[in-house]
Structure formats: structure tokens, C-alpha cells
>>> print(open('input.cif').read())   # mmCIF, C-alpha atoms
data_work
loop_
_atom_site.label_atom_id
_atom_site.label_comp_id
_atom_site.auth_asym_id
_atom_site.auth_seq_id
_atom_site.Cartn_x
_atom_site.Cartn_y
_atom_site.Cartn_z
CA MET A 1 108.03 34.80 -81.67
CA ASN A 2 107.01 36.78 -84.77
CA LEU A 3 108.76 39.65 -86.45
CA PRO A 4 107.61 43.05 -85.18
CA PRO A 5 104.68 44.66 -87.01
CA ALA A 6 105.76 46.01 -90.41
CA VAL A 7 102.85 48.21 -91.44
CA LEU A 8 100.06 50.06 -89.67
CA ASP A 9 97.13 50.77 -91.96
CA LEU A 10 94.63 53.30 -90.60
CA ARG A 11 91.50 54.26 -92.57
CA VAL A 12 89.04 56.87 -91.39
CA THR A 13 85.88 57.21 -93.45
CA PRO A 14 83.65 60.07 -92.30
CA VAL A 15 80.07 60.00 -93.59
CA ASP A 16 80.06 63.60 -94.84
CA SER A 17 83.66 64.06 -96.10
CA ARG A 18 86.47 62.35 -97.98
CA PRO A 19 88.04 59.20 -96.53
CA VAL A 20 91.55 59.40 -95.08
CA ARG A 21 94.04 56.56 -95.28
CA ILE A 22 97.30 56.56 -93.32
CA TRP A 23 99.77 53.84 -94.21
CA LEU A 24 102.61 53.83 -91.72
CA PRO A 25 105.70 51.80 -92.70
CA LEU A 26 106.72 50.65 -89.23
CA PHE A 27 109.52 48.52 -90.69
CA LEU A 28 111.50 51.74 -91.20
CA LEU A 29 111.59 52.09 -87.41
CA TRP A 30 112.94 48.57 -86.82
CA PRO A 31 116.67 49.56 -86.80
CA PHE A 32 116.02 52.34 -84.25
CA VAL A 33 113.87 50.05 -82.09
CA LEU A 34 116.59 47.38 -82.26
CA VAL A 35 119.28 49.80 -81.04
CA LEU A 36 116.95 51.12 -78.34
CA ALA A 37 116.04 47.58 -77.26
CA ILE A 38 119.70 46.54 -77.01
CA LEU A 39 120.55 49.62 -74.92
CA THR A 40 117.54 49.05 -72.68
CA LEU A 41 118.41 45.38 -72.21
CA VAL A 42 122.00 46.24 -71.27
CA LEU A 43 120.71 48.71 -68.66
CA THR A 44 118.15 46.27 -67.26
CA ILE A 45 120.78 43.50 -67.01
CA LEU A 46 122.97 45.88 -64.98
CA ALA A 47 119.98 46.90 -62.85
CA ASP A 48 119.03 43.27 -62.23
CA VAL A 49 122.60 42.36 -61.23
CA VAL A 50 122.73 45.30 -58.81
CA LEU A 51 119.31 44.43 -57.35
CA ALA A 52 120.29 40.77 -56.98
CA VAL A 53 123.57 41.72 -55.23
CA LEU A 54 121.64 44.05 -52.89
CA GLY A 55 119.33 41.15 -52.07
CA GLN A 56 116.15 42.68 -53.49
CA PRO A 57 113.41 40.05 -54.02
CA TYR A 58 112.44 41.40 -57.46
CA HIS A 59 115.17 41.49 -60.13
CA ARG A 60 113.44 40.46 -63.31
CA TYR A 61 113.44 43.72 -65.30
CA THR A 62 115.38 42.15 -68.19
CA ILE A 63 112.77 39.39 -68.59
CA LEU A 64 110.02 42.01 -68.31
CA VAL A 65 111.52 44.11 -71.13
CA ALA A 66 112.16 41.03 -73.29
CA HIS A 67 108.55 39.86 -72.83
CA SER A 68 107.28 43.38 -73.58
CA LEU A 69 109.14 43.33 -76.90
CA ALA A 70 107.74 39.86 -77.62
CA ALA A 71 104.21 41.11 -76.88
CA LEU A 72 104.78 44.03 -79.24
CA SER A 73 105.75 41.57 -81.98
CA GLU A 74 102.59 39.55 -81.42
CA THR A 75 100.38 42.51 -82.37
CA ARG A 76 100.74 41.45 -86.01
CA GLY A 77 97.34 40.55 -87.41
CA MET A 78 95.37 42.73 -85.01
CA VAL A 79 92.35 44.45 -86.55
CA ILE A 80 90.14 47.08 -84.92
CA ARG A 81 87.02 48.36 -86.69
CA VAL A 82 84.69 50.93 -85.22
CA ASN A 83 81.60 52.21 -87.04
CA ASP A 84 79.15 54.80 -85.84
CA LYS A 85 76.75 57.21 -87.52
CA LYS A 86 79.47 59.78 -88.17
CA ALA A 87 82.46 57.73 -89.30
CA ALA A 88 84.10 54.36 -89.72
CA VAL A 89 87.59 53.73 -88.41
CA ASP A 90 89.57 50.70 -89.52
CA MET A 91 93.03 49.93 -88.09
CA THR A 92 95.08 46.94 -89.21
CA VAL A 93 98.52 45.93 -87.95
CA GLN A 94 100.40 43.81 -90.48
CA MET B 95 95.80 1.42 -85.01
CA GLY B 96 97.72 3.87 -87.20
CA GLU B 97 94.66 4.35 -89.41
CA ASP B 98 92.48 5.16 -86.39
CA ARG B 99 94.98 7.74 -85.22
CA SER B 100 95.24 9.45 -88.61
CA ARG B 101 91.43 9.42 -88.93
CA ILE B 102 91.12 11.23 -85.58
CA LEU B 103 93.77 13.76 -86.60
CA ASN B 104 92.06 14.34 -89.95
CA MET B 105 88.75 14.93 -88.17
CA LEU B 106 90.48 17.48 -85.95
CA ALA B 107 92.14 19.18 -88.91
CA GLU B 108 88.77 19.40 -90.70
CA GLY B 109 87.17 20.90 -87.60
CA LYS B 110 84.70 18.01 -87.15
CA ILE B 111 85.87 17.45 -83.57
CA SER B 112 87.40 19.78 -81.00
CA ALA B 113 90.99 19.52 -79.73
CA GLU B 114 89.68 18.21 -76.41
CA GLU B 115 87.65 15.47 -78.11
CA ALA B 116 90.64 14.51 -80.24
CA GLU B 117 92.82 14.29 -77.13
CA ARG B 118 90.23 12.04 -75.43
CA LEU B 119 90.00 9.78 -78.49
CA LEU B 120 93.79 9.53 -78.79
CA ASP B 121 94.08 8.72 -75.08
CA ALA B 122 91.45 6.01 -75.46
CA LEU B 123 93.33 4.66 -78.47
CA ASP B 124 96.62 4.68 -76.54
CA SER B 125 95.09 2.88 -73.57
CA ARG B 126 93.60 0.27 -75.93
CA GLY B 127 97.02 -0.20 -77.55
CA ALA B 128 98.73 -0.48 -74.16
CA ALA B 129 96.19 -3.05 -73.03
CA ALA B 130 96.84 -5.10 -76.16
CA GLY B 131 100.58 -4.91 -75.55
CA ALA B 132 101.20 -2.87 -78.68
CA PRO B 133 104.37 -0.76 -78.83
CA ALA B 134 103.88 2.91 -77.94
CA GLU B 135 103.54 5.27 -80.92
CA PRO B 136 104.21 9.00 -81.00
CA ALA B 137 101.10 11.14 -80.44
CA ILE B 138 101.54 12.91 -83.78
CA LYS B 139 103.04 11.25 -86.82
CA GLY B 140 104.48 13.26 -89.67
CA ASP B 141 103.98 16.96 -90.19
CA PRO B 142 101.97 18.60 -87.33
CA ALA B 143 101.38 21.76 -89.41
CA PRO B 144 97.76 20.86 -90.44
CA LEU B 145 96.88 20.31 -86.76
CA LEU B 146 98.38 23.62 -85.75
CA GLU B 147 96.54 25.32 -88.62
CA ALA B 148 93.26 23.90 -87.31
CA LEU B 149 93.68 25.62 -83.92
CA PRO B 150 92.04 29.03 -83.48
CA LYS B 151 94.52 31.87 -83.86
CA PHE B 152 92.42 34.95 -83.15
CA LEU B 153 90.12 36.18 -80.42
CA TYR B 154 87.18 38.11 -81.84
CA VAL B 155 85.15 40.70 -79.95
CA LYS B 156 82.10 41.95 -81.83
CA VAL B 157 79.71 44.55 -80.46
CA GLU B 158 76.60 45.59 -82.40
CA SER B 159 74.53 48.25 -80.72
CA ALA B 160 70.88 48.86 -81.45
CA ASN B 161 71.57 52.42 -82.63
CA GLY B 162 73.96 51.23 -85.36
CA ASP B 163 77.36 51.60 -83.67
CA ASN B 164 79.57 48.58 -84.28
CA VAL B 165 82.92 47.56 -82.83
CA ASP B 166 84.84 44.67 -84.28
CA VAL B 167 88.19 43.67 -82.75
CA LYS B 168 90.42 40.80 -83.87
CA ILE B 169 93.26 40.02 -81.45
CA PRO B 170 95.94 37.37 -82.09
CA ILE B 171 95.78 34.72 -79.34
CA ALA B 172 99.59 34.90 -79.18
CA LEU B 173 99.19 38.50 -78.03
CA VAL B 174 96.75 37.42 -75.30
CA ARG B 175 99.28 34.82 -74.14
CA SER B 176 102.12 37.37 -74.15
CA GLY B 177 99.98 39.85 -72.23
CA LEU B 178 99.12 37.27 -69.59
CA LYS B 179 102.79 36.31 -69.26
CA LEU B 180 103.66 39.98 -68.80
CA THR B 181 101.24 40.28 -65.89
CA SER B 182 103.18 37.61 -64.01
CA LEU B 183 106.41 39.62 -64.46
CA ILE B 184 105.19 43.04 -63.35
CA PRO B 185 107.03 44.31 -60.22
CA PRO B 186 105.01 43.81 -57.00
CA GLN B 187 104.73 47.57 -56.28
CA ALA B 188 103.27 48.23 -59.75
CA MET B 189 101.00 45.18 -59.44
CA ASP B 190 99.55 46.50 -56.16
CA GLN B 191 98.72 49.81 -57.87
CA ILE B 192 97.13 48.00 -60.84
CA ASN B 193 95.04 45.78 -58.54
CA SER B 194 93.84 48.70 -56.42
CA SER B 195 93.03 50.79 -59.50
CA MET B 196 91.07 47.91 -61.02
CA SER B 197 89.15 47.25 -57.80
CA GLU B 198 88.24 50.97 -57.70
CA HIS B 199 86.65 50.45 -61.12
CA GLY B 200 84.70 47.40 -60.00
CA MET B 201 87.07 44.68 -61.25
CA SER B 202 88.46 42.78 -58.28
CA ILE B 203 91.00 40.62 -60.09
CA ASP B 204 94.27 39.89 -58.35
CA PHE B 205 96.76 39.37 -61.16
CA SER B 206 99.49 38.46 -58.67
CA ASN B 207 97.71 35.10 -58.30
CA LEU B 208 98.29 34.38 -61.98
CA LYS B 209 101.20 31.95 -62.25
CA PRO B 210 103.19 31.44 -65.49
CA GLU B 211 102.40 27.71 -65.46
CA ASP B 212 98.64 28.45 -65.48
CA ILE B 213 98.80 30.70 -68.54
CA ASP B 214 98.93 28.00 -71.22
CA GLU B 215 95.99 26.23 -69.59
CA LEU B 216 94.08 29.53 -69.47
CA VAL B 217 94.80 30.26 -73.15
CA GLN B 218 93.75 26.71 -74.07
CA ALA B 219 90.46 27.22 -72.24
CA LEU B 220 90.07 30.58 -73.97
CA ARG B 221 90.22 28.86 -77.38
CA GLU B 222 87.07 26.92 -76.55
CA MET B 223 85.24 29.85 -74.96
CA GLU B 224 82.29 31.59 -76.59
CA ILE B 225 80.32 34.43 -75.02
CA SER B 226 77.16 35.68 -76.66
CA VAL B 227 75.05 38.40 -75.07
CA ASP B 228 71.78 39.68 -76.56
CA SER B 229 70.33 42.51 -74.48
CA THR B 230 66.68 43.49 -74.50
CA ASN B 231 67.46 46.88 -76.09
CA GLY B 232 68.98 45.13 -79.13
CA ASP B 233 72.68 45.37 -78.26
CA LYS B 234 74.67 42.25 -79.11
CA VAL B 235 78.10 41.23 -77.83
CA ARG B 236 80.00 38.17 -79.04
CA VAL B 237 83.41 37.00 -77.88
CA TYR B 238 84.86 33.89 -79.49
CA CYS B 239 88.00 32.36 -80.96
CA ALA B 240 88.44 31.22 -84.56
#
>>> encode(input="input.cif", output="C-alpha cells")
Amino acid sequence: MNLPPAVLDLRVTPVDSRPVRIWLPLFLLWPFVLVLAILTLVLTILADVVLAVLGQPYHRYTILVAHSLAALSETRGMVIRVNDKKAAVDMTVQ
Amino acid sequence: MGEDRSRILNMLAEGKISAEEAERLLDALDSRGAAAGAPAEPAIKGDPAPLLEALPKFLYVKVESANGDNVDVKIPIALVRSGLKLTSLIPPQAMDQINSSMSEHGMSIDFSNLKPEDIDELVQALREMEISVDSTNGDKVRVYCA
């Protein structure tokens, strides 16, 4: 498992106007995401225990949330480039 | 024997042979060694990092339309694997909705049939996949791993 994405670099280059670059430091959000993830995992563990005690067949919400966070971390290195006649959009997750 | 093995691994690292071919050659080498009564050796000696580096890490989707619009997407294969694993964990009620919504849009794929143990095999097959479409109106689509 990788670290979560640290930077989102978005460049929009219109043909007839100035280019725009947005550099989002996602690493500043890591502490908030960590707290949110811990709270969510505590809630899902409780929910899973209750569902298991009630005999529900599906009680895997904790694993689902953990895998969702892992998938979010794997977005590092993703690049999306779209060019048309009006503009070019370039998004990089680092 | 050891030289043969390292030669095969070097060829794989240099990209001269595919992972599948390397596996076949190593199996053949192992069976030859077993037949000769040689002691079993580990499949990979030393640092496996060069081998892992040689494996494709990204899935590329490139679309070039005849009127000049281009789309270029680079997706980490680890993300594809994580996404596939997620599909096997989605609650059944949500999965039913996803399946019905996809079939309404012409994609009759039942993700509930996707088992976690099949995912690694699927991702391995994906690494060797290449799709190339050239339409008559000049649009080109390429999907490959590198």
C-alpha cells in the first residue's frame, strides 16, 4: 500500500486565453483524513459487530472502508490528459 | 543450472521475454533439474527488485479522434487491482443496483461473480493485454500496459 496522494496538479490551457495551473497540496489534508478514517473505522467495526450478532449475512463494512482508503492511496501516479480544439486539460496525481 | 536461471531472469528484466515465457522456461529448467536429481533451488535468487521493475505498472488508454480531440489516461495497475477488490466487497443490495444500472446502459456484467481469488489472475492477464482499434473515420483507440 502506498502513501495517499500528496499533490494534485491541474493545468488548463485554453487556446484563446491564458493558461491556468492549480497545484493542490493534498498532503495538508492528510491529518484530517486520518482522523476521519479512524472515526469511520470505529463506527464500521461497531456496525459490523451489531450486524454479525443480529445474524445478517453481510457484515464487511470495515473491510470495505479499509479497501476504499487503500484504493484512494493507489491513485498516485494517475495522469489524465484531454485535448480538444478549445483547450487542453492535464491532471496529475502525485 | 544457476547460470541458465540468471540468464532467463536477465532476459525478463531486459524485456526480451514476457513474464509468461520466463515462467515456462524456469519450469522447464526446474523439471530438468528434478529429473537429474539436482537439489531444488529457489525460483528467484538474490534481489527480486529488477524483476518487479520489469513488470508493467500502468494501464494506458489513448484515444485520438479524427477531428483532433485526444484523451490520454494513465492508470496505476495497483489502482485497477484495488478497484476490482472493492467490487467483491460491495454490499449485495448495492451490487444489485449497480448491475441493473449497468445492464440498462448495455453492459451486462455481473460483478457479484467476481471472486477475490480471481482478481490477481485477472490483473496478470491485463498486464499482457493490448487493444488497438482503428476506425474507418480515423479514430484510434489503444489500451495497453507498460
>>> closest_residue(input="input.cif", among="B:Val165, B:Ala113, B:Ala122, B:Ala188", to="Arg236 (chain B)", atoms="all atoms listed in the file")
B:Val165
>>> resolve_selection(input="input.cif", expression="the PyMOL selection byres ((chain B) within 9 of (chain A))", output="ChimeraX atom specification")
/B:152,161-177,179-180,183-186
>>> residues_around(input="input.cif", residues="Ser112 (chain B)", least_positions_apart="6", cutoff="9 Å", atoms="all atoms listed in the file", output="MDAnalysis selection string")
chainID B and resid 105:106 222
>>> resolve_selection(input="input.cif", expression="the PyMOL selection byres ((chain B and resi 232) around 12)", output="list in words")
Val157, Glu158, Ser159, Ala160, Asn161, Gly162, Asp163, Val227, Asp228, Ser229, Thr230, Asn231, Asp233, Lys234 and Val235 of chain B
>>> residues_around(input="input.cif", residues="Phe27 (chain A)", least_positions_apart="6", cutoff="10 Å", atoms="only C-alpha atoms", output="PDB file with C-alpha atoms, in the coordinates of the input")
ATOM      1  CA  LEU A   3     108.760  39.650 -86.450  1.00  0.00           C
ATOM      2  CA  PRO A   4     107.610  43.050 -85.180  1.00  0.00           C
ATOM      3  CA  PRO A   5     104.680  44.660 -87.010  1.00  0.00           C
ATOM      4  CA  ALA A   6     105.760  46.010 -90.410  1.00  0.00           C
ATOM      5  CA  VAL A   7     102.850  48.210 -91.440  1.00  0.00           C
ATOM      6  CA  LEU A   8     100.060  50.060 -89.670  1.00  0.00           C
ATOM      7  CA  VAL A  33     113.870  50.050 -82.090  1.00  0.00           C
TER       8      VAL A  33
END
>>> axis_aligned_box(input="input.cif", around="region 75-83 of chain A", padding_each_side="6 Å", output="lines of an AutoDock Vina configuration file")
center_x = 91.2
center_y = 46.4
center_z = -84.9
size_x = 31.1
size_y = 23.7
size_z = 17.0
>>> atom_distance(input="input.cif", atom1="CA of Asp121 (chain B)", atom2="CA of Asp98 (chain B)")
12.0 Å
>>> residues_near_point(input="input.cif", point="(88.4, 34.1, -74.0)", cutoff="8 Å", atoms="all atoms listed in the file", output="list in words")
Leu153, Val217, Ala219, Leu220, Arg221, Glu222, Met223, Glu224, Val237, Tyr238 and Cys239 of chain B
>>> atom_distance(input="input.cif", atom1="CA of Asp204 (chain B)", atom2="CA of Leu178 (chain B)")
12.5 Å
>>> closest_residue(input="input.cif", among="B:Asn193, B:Phe205, B:Leu216, B:Leu149", to="Glu108 (chain B)", atoms="only C-alpha atoms")
B:Leu149
>>> atom_distance(input="input.cif", atom1="CA of Asp212 (chain B)", atom2="CA of Ser182 (chain B)")
10.3 Å
>>> resolve_selection(input="input.cif", expression="the PyMOL selection byres ((chain A and resi 47) around 12)", output="PyMOL selection string")
chain A and resi 40-46+48-54+56+58-63
>>> decode(input="input.cif", residues="region 29-91 of chain A", atoms="C-alpha atoms", output="PDB file, in the first residue's frame")
ATOM      1  CA  LEU A  29      -5.434  17.222   4.278  1.00  0.00           C
ATOM      2  CA  TRP A  30      -3.776  14.008   5.469  1.00  0.00           C
ATOM      3  CA  PRO A  31      -4.222  14.681   9.240  1.00  0.00           C
ATOM      4  CA  PHE A  32      -7.944  15.435   8.769  1.00  0.00           C
ATOM      5  CA  VAL A  33      -8.422  12.372   6.551  1.00  0.00           C
ATOM      6  CA  LEU A  34      -6.599  10.238   9.133  1.00  0.00           C
ATOM      7  CA  VAL A  35      -8.896  11.395  11.957  1.00  0.00           C
ATOM      8  CA  LEU A  36     -11.955  10.925   9.734  1.00  0.00           C
ATOM      9  CA  ALA A  37     -10.764   7.460   8.679  1.00  0.00           C
ATOM     10  CA  ILE A  38     -10.209   6.369  12.289  1.00  0.00           C
ATOM     11  CA  LEU A  39     -13.671   7.596  13.322  1.00  0.00           C
ATOM     12  CA  THR A  40     -15.264   5.890  10.319  1.00  0.00           C
ATOM     13  CA  LEU A  41     -13.443   2.629  11.027  1.00  0.00           C
ATOM     14  CA  VAL A  42     -14.562   2.670  14.672  1.00  0.00           C
ATOM     15  CA  LEU A  43     -18.179   3.153  13.541  1.00  0.00           C
ATOM     16  CA  THR A  44     -17.966   0.433  10.892  1.00  0.00           C
ATOM     17  CA  ILE A  45     -16.426  -2.022  13.388  1.00  0.00           C
ATOM     18  CA  LEU A  46     -19.380  -1.370  15.722  1.00  0.00           C
ATOM     19  CA  ALA A  47     -21.825  -1.722  12.827  1.00  0.00           C
ATOM     20  CA  ASP A  48     -20.217  -4.990  11.715  1.00  0.00           C
ATOM     21  CA  VAL A  49     -20.333  -6.412  15.247  1.00  0.00           C
ATOM     22  CA  VAL A  50     -24.023  -5.480  15.565  1.00  0.00           C
ATOM     23  CA  LEU A  51     -24.824  -6.945  12.125  1.00  0.00           C
ATOM     24  CA  ALA A  52     -22.918 -10.144  12.944  1.00  0.00           C
ATOM     25  CA  VAL A  53     -24.750 -10.507  16.291  1.00  0.00           C
ATOM     26  CA  LEU A  54     -28.092  -9.961  14.514  1.00  0.00           C
ATOM     27  CA  GLY A  55     -27.139 -12.717  12.078  1.00  0.00           C
ATOM     28  CA  GLN A  56     -27.032 -10.559   8.957  1.00  0.00           C
ATOM     29  CA  PRO A  57     -25.163 -12.277   6.088  1.00  0.00           C
ATOM     30  CA  TYR A  58     -23.228  -9.127   5.120  1.00  0.00           C
ATOM     31  CA  HIS A  59     -21.019  -7.560   7.812  1.00  0.00           C
ATOM     32  CA  ARG A  60     -17.919  -6.455   5.980  1.00  0.00           C
ATOM     33  CA  TYR A  61     -18.240  -2.655   6.100  1.00  0.00           C
ATOM     34  CA  THR A  62     -14.897  -2.261   7.912  1.00  0.00           C
ATOM     35  CA  ILE A  63     -13.061  -4.172   5.175  1.00  0.00           C
ATOM     36  CA  LEU A  64     -14.940  -2.150   2.554  1.00  0.00           C
ATOM     37  CA  VAL A  65     -13.851   1.170   4.100  1.00  0.00           C
ATOM     38  CA  ALA A  66     -10.261  -0.057   4.556  1.00  0.00           C
ATOM     39  CA  HIS A  67     -10.089  -1.167   0.908  1.00  0.00           C
ATOM     40  CA  SER A  68     -11.621   2.150  -0.211  1.00  0.00           C
ATOM     41  CA  LEU A  69      -8.835   4.018   1.593  1.00  0.00           C
ATOM     42  CA  ALA A  70      -6.267   1.688   0.021  1.00  0.00           C
ATOM     43  CA  ALA A  71      -7.750   2.353  -3.437  1.00  0.00           C
ATOM     44  CA  LEU A  72      -7.545   6.096  -2.763  1.00  0.00           C
ATOM     45  CA  SER A  73      -3.842   5.706  -1.966  1.00  0.00           C
ATOM     46  CA  GLU A  74      -3.236   3.832  -5.204  1.00  0.00           C
ATOM     47  CA  THR A  75      -4.311   6.840  -7.283  1.00  0.00           C
ATOM     48  CA  ARG A  76      -0.733   8.132  -7.035  1.00  0.00           C
ATOM     49  CA  GLY A  77       0.787   8.332 -10.498  1.00  0.00           C
ATOM     50  CA  MET A  78      -2.516   8.718 -12.322  1.00  0.00           C
ATOM     51  CA  VAL A  79      -2.420  11.106 -15.281  1.00  0.00           C
ATOM     52  CA  ILE A  80      -5.380  12.323 -17.339  1.00  0.00           C
ATOM     53  CA  ARG A  81      -4.836  14.487 -20.430  1.00  0.00           C
ATOM     54  CA  VAL A  82      -7.631  15.754 -22.607  1.00  0.00           C
ATOM     55  CA  ASN A  83      -7.050  17.956 -25.662  1.00  0.00           C
ATOM     56  CA  ASP A  84      -9.643  19.399 -27.968  1.00  0.00           C
ATOM     57  CA  LYS A  85      -9.813  22.403 -30.280  1.00  0.00           C
ATOM     58  CA  LYS A  86     -10.697  24.786 -27.449  1.00  0.00           C
ATOM     59  CA  ALA A  87      -8.446  23.711 -24.578  1.00  0.00           C
ATOM     60  CA  ALA A  88      -6.052  21.202 -23.110  1.00  0.00           C
ATOM     61  CA  VAL A  89      -6.598  19.816 -19.630  1.00  0.00           C
ATOM     62  CA  ASP A  90      -3.828  17.983 -17.817  1.00  0.00           C
ATOM     63  CA  MET A  91      -4.387  16.410 -14.375  1.00  0.00           C
TER      64      MET A  91
END
